[in-house]
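S.K.: The following block contains the structure, expressed as structure tokens.
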Amino acid sequence: MTDARTFTVSEDDDGIRLDRWFKRHVPEVSFNLVSRWSRTGQLKLNGKRAAPGDRIEAGQAIQFPAPETTQARVPRPQKEREPLTAEEAELVREMVIHKDANAFVLNKPPGLATQGGTKTHHHLDRLLEGLADEAGNRPKLVHRLDKDTSGALLVARSARAASHFSKSFSGRTARKVYWALVVGVPSADEGLIDAPLAKQPGTGGEKMHVDTEHGLPAKTRWRVIDRAGNRAAWVELQPLTGRTHQLRAHMAALGHPVVGDAKYGGAEAFLTGGISRKLHLHARRLRIDAPDGVIDVTADLPPHIAETLATLGFEQMAGDMLPMERPKPSATPEAKARRVAAAAKSRRRERRGERRARGQGQKGRGRK
């Protein structure tokens with residue numbers, strides 16, 4: 001690509017910033033150089049001067065000086081990815097529970113990190129190499145699940161699809177339903193946790209806590225699906241924001257930590273009677289608008305959560321029967337009845353007022 005001075009924007013790059021296009025396709029050209037071309041009128045879109053922050057469209061022509069005639073940055077050597085073993089490639093293919101032209105939805109097992117780190121070599125981002133297409137394009141992560149949280153996780157099959165899905169997640173139009181087993185039973189059947197979260201000092205950013213003064217907004221809807229006496233409850237959780245460890249921190253703040261969550265519940269997060277000590281939090285369902293339709297996928301439970309539900313006498317069907325969309329208070333039968341009663345009461349008051357007015361008028365005429 002570096003020998004040419006004019007490029008045509010592909011469908012895959014439709015809608016991205018111009019500086020992002022350079023980062024993808026001409027990484028040896030620095031942002032400073034792109035900015036300099038813009039200031040001097042040498043950077044153009046369809047023959048017109050362009051700025052690094054301009055959004056580009058498929059089919060547009062990008063024009064700029066050949067890097068050979070400029071002080072281009074020496075490209076960094078790309079770190080080669082270690083090839084997957086046959087077992088690793090098979091593992092990620094077995095996770096696929098939905099596939100279309102824009103995305104894969106995977107059922108991530110507990111214990112698998114979404115992305116790598118200093119001490120994390122085995123992670124989902126690396127395994128996505130096993131889902132690359134014939135041209136070698138690998139899927140792209142657009143959201144995350146905690147290492148010990150299982151369930152539905154979407155990856156985009158192209159840069160354009162990744163941009164679309166990222167906007168859905170950041171704009172909160174994607175709907176996610178989690179199932180969790182929590183210690184004890186909440187006093188109400190459902191509720192909304194509105195508690196800002198911040199990184200807890202002294203934990204290296206590894207733990208969150210409620211911080212009403214400095215925390216970022218965090219909201220979680222919850223409702224009880226079933227109870228096991230006063231011992232534990234099976235709850236449905238719908239995050240309305242996407243903070244780190246949000247569901248775990250919120251349930252702990254409510255006084256009912258997720259079973260197996262030692263980080264937020266300590267020793268009290270574990271149940272006796274043969275209940276697994278693994279984290280009991282699962283991304284059960286994901287519904288999101290796709291470029292050509294709607295993706296709505298349900299992820300099967302991992303063995304340890306399915307076994308705990310059975311041990312406590314819970315039926316999975318009970319959770320799946322709950323509607324994802326909850327009726328607004330004004331749409332419930334009780335609310336409608338209250339509105340009808342209030343309207344009737346208002347009409348009675350109006351009639352009484354009219355009768356009083358007529359009576360006063362008749363008395364006035366009698367005095368004359």
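Here, A, B, ... name the chains of the structure tokens in the order displayed, residue numbers run from 1 inside each chain, and ligands are numbered from 1 in the same displayed order.
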Would you pick out the contacts of segment 246-255 of chain A at 7 Å or less, using only C-alpha atoms, so that residues sharing its chain but fewer than 4 positions from it are not included, and give the list as JSON, numbers by chain?

M.R.: {"A": [193, 208, 209, 242, 264, 265]}

S.K.: Go ahead and save the picked residues with all heavy atoms, as a compact mmCIF listing (two decimals), in the first residue's frame.

M.R.:
# COMPACT_ATOMS: atom_id res chain seq x y z
N ILE A 193 -30.72 -1.38 41.51
CA ILE A 193 -29.56 -0.92 42.27
C ILE A 193 -28.94 0.23 41.51
O ILE A 193 -28.50 0.06 40.37
CB ILE A 193 -28.54 -2.05 42.47
CG1 ILE A 193 -29.18 -3.25 43.15
CG2 ILE A 193 -27.35 -1.55 43.29
CD1 ILE A 193 -28.28 -4.48 43.20
N MET A 208 -13.78 -3.35 42.82
CA MET A 208 -14.60 -2.15 42.78
C MET A 208 -15.36 -2.01 44.09
O MET A 208 -15.57 -2.98 44.82
CB MET A 208 -15.58 -2.22 41.61
CG MET A 208 -14.95 -2.54 40.27
SD MET A 208 -13.81 -1.28 39.67
CE MET A 208 -14.97 0.00 39.19
N HIS A 209 -15.78 -0.78 44.39
CA HIS A 209 -16.62 -0.56 45.56
C HIS A 209 -17.56 0.59 45.29
O HIS A 209 -17.33 1.41 44.38
CB HIS A 209 -15.76 -0.31 46.81
CG HIS A 209 -15.11 1.05 46.82
ND1 HIS A 209 -15.17 1.90 47.91
CD2 HIS A 209 -14.40 1.73 45.87
CE1 HIS A 209 -14.50 3.01 47.63
NE2 HIS A 209 -14.03 2.93 46.42
N GLY A 242 -22.20 -0.64 32.14
CA GLY A 242 -21.21 -1.70 31.93
C GLY A 242 -19.94 -1.50 32.71
O GLY A 242 -18.86 -1.52 32.12
N TYR A 264 -15.74 -10.49 46.52
CA TYR A 264 -16.71 -9.53 47.02
C TYR A 264 -17.54 -10.03 48.20
O TYR A 264 -18.18 -9.23 48.88
CB TYR A 264 -17.65 -9.09 45.88
CG TYR A 264 -16.95 -8.22 44.88
CD1 TYR A 264 -16.38 -8.77 43.73
CD2 TYR A 264 -16.82 -6.86 45.09
CE1 TYR A 264 -15.71 -7.96 42.81
CE2 TYR A 264 -16.16 -6.05 44.17
CZ TYR A 264 -15.61 -6.61 43.04
OH TYR A 264 -14.94 -5.81 42.14
N GLY A 265 -17.52 -11.33 48.44
CA GLY A 265 -18.33 -11.86 49.53
C GLY A 265 -17.54 -12.50 50.64
O GLY A 265 -18.11 -12.85 51.68

S.K.: Determine which residues of segment 162-250 of chain A receive a DSSP assignment of alpha helix (DSSP H), computed from the backbone, and state them as an MDAnalysis selection string.

M.R.: chainID A and resid 162:170 246:250

S.K.: With N, CA, C and O atoms kept, could you save the residues just selected as an mmCIF file, in the first residue's frame?

M.R.:
data_model
loop_
_atom_site.group_PDB
_atom_site.id
_atom_site.type_symbol
_atom_site.label_atom_id
_atom_site.label_comp_id
_atom_site.auth_asym_id
_atom_site.auth_seq_id
_atom_site.Cartn_x
_atom_site.Cartn_y
_atom_site.Cartn_z
ATOM 1 N N ALA A 162 -17.829 -4.568 13.926
ATOM 2 C CA ALA A 162 -17.337 -4.238 15.276
ATOM 3 C C ALA A 162 -17.752 -2.830 15.660
ATOM 4 O O ALA A 162 -18.155 -2.582 16.810
ATOM 5 N N SER A 163 -17.673 -1.888 14.718
ATOM 6 C CA SER A 163 -18.085 -0.519 14.994
ATOM 7 C C SER A 163 -19.572 -0.456 15.325
ATOM 8 O O SER A 163 -19.987 0.232 16.263
ATOM 9 N N HIS A 164 -20.371 -1.203 14.580
ATOM 10 C CA HIS A 164 -21.820 -1.224 14.814
ATOM 11 C C HIS A 164 -22.149 -1.780 16.199
ATOM 12 O O HIS A 164 -22.901 -1.172 16.961
ATOM 13 N N PHE A 165 -21.559 -2.927 16.537
ATOM 14 C CA PHE A 165 -21.871 -3.558 17.814
ATOM 15 C C PHE A 165 -21.323 -2.752 18.994
ATOM 16 O O PHE A 165 -21.953 -2.679 20.054
ATOM 17 N N SER A 166 -20.168 -2.151 18.799
ATOM 18 C CA SER A 166 -19.592 -1.326 19.872
ATOM 19 C C SER A 166 -20.516 -0.169 20.222
ATOM 20 O O SER A 166 -20.689 0.171 21.404
ATOM 21 N N LYS A 167 -21.127 0.428 19.207
ATOM 22 C CA LYS A 167 -22.067 1.518 19.458
ATOM 23 C C LYS A 167 -23.293 1.005 20.215
ATOM 24 O O LYS A 167 -23.830 1.708 21.075
ATOM 25 N N SER A 168 -23.728 -0.214 19.911
ATOM 26 C CA SER A 168 -24.886 -0.780 20.610
ATOM 27 C C SER A 168 -24.580 -1.013 22.077
ATOM 28 O O SER A 168 -25.393 -0.722 22.956
ATOM 29 N N PHE A 169 -23.378 -1.540 22.352
ATOM 30 C CA PHE A 169 -23.012 -1.790 23.746
ATOM 31 C C PHE A 169 -22.797 -0.481 24.501
ATOM 32 O O PHE A 169 -23.249 -0.328 25.633
ATOM 33 N N SER A 170 -22.102 0.464 23.881
ATOM 34 C CA SER A 170 -21.833 1.721 24.570
ATOM 35 C C SER A 170 -23.094 2.556 24.708
ATOM 36 O O SER A 170 -23.261 3.306 25.682
ATOM 37 N N GLN A 246 -19.493 -5.057 37.823
ATOM 38 C CA GLN A 246 -20.694 -4.357 38.297
ATOM 39 C C GLN A 246 -21.683 -5.274 39.010
ATOM 40 O O GLN A 246 -22.140 -4.951 40.120
ATOM 41 N N LEU A 247 -22.041 -6.392 38.401
ATOM 42 C CA LEU A 247 -23.053 -7.260 38.993
ATOM 43 C C LEU A 247 -22.577 -7.840 40.327
ATOM 44 O O LEU A 247 -23.340 -7.913 41.297
ATOM 45 N N ARG A 248 -21.330 -8.218 40.373
ATOM 46 C CA ARG A 248 -20.785 -8.808 41.599
ATOM 47 C C ARG A 248 -20.719 -7.784 42.725
ATOM 48 O O ARG A 248 -21.104 -8.059 43.872
ATOM 49 N N ALA A 249 -20.250 -6.570 42.395
ATOM 50 C CA ALA A 249 -20.147 -5.530 43.413
ATOM 51 C C ALA A 249 -21.523 -5.076 43.889
ATOM 52 O O ALA A 249 -21.732 -4.823 45.081
ATOM 53 N N HIS A 250 -22.481 -4.978 42.963
ATOM 54 C CA HIS A 250 -23.817 -4.545 43.344
ATOM 55 C C HIS A 250 -24.529 -5.563 44.225
ATOM 56 O O HIS A 250 -25.189 -5.191 45.208
#

S.K.: What residues in segment 176-305 of chain A get the DSSP label strand (DSSP E)? Please answer as a PyMOL selection string.

M.R.: chain A and resi 176-183+190-194+197-199+208-210+219-228+232-239+281-290+293-298

S.K.: Counting only C-alpha atoms, which of A:Ile305, A:Ala269, A:Val210, A:Leu84 gets nearest to His121 of chain A?

M.R.: A:Leu84

S.K.: At a cut-off of 12 Å, using only C-alpha atoms, what residues contact Asn46 of chain A? Leave out same-chain residues fewer than 4 positions from it and give the result as a PyMOL selection string.

M.R.: chain A and resi 6-9+50+56-64
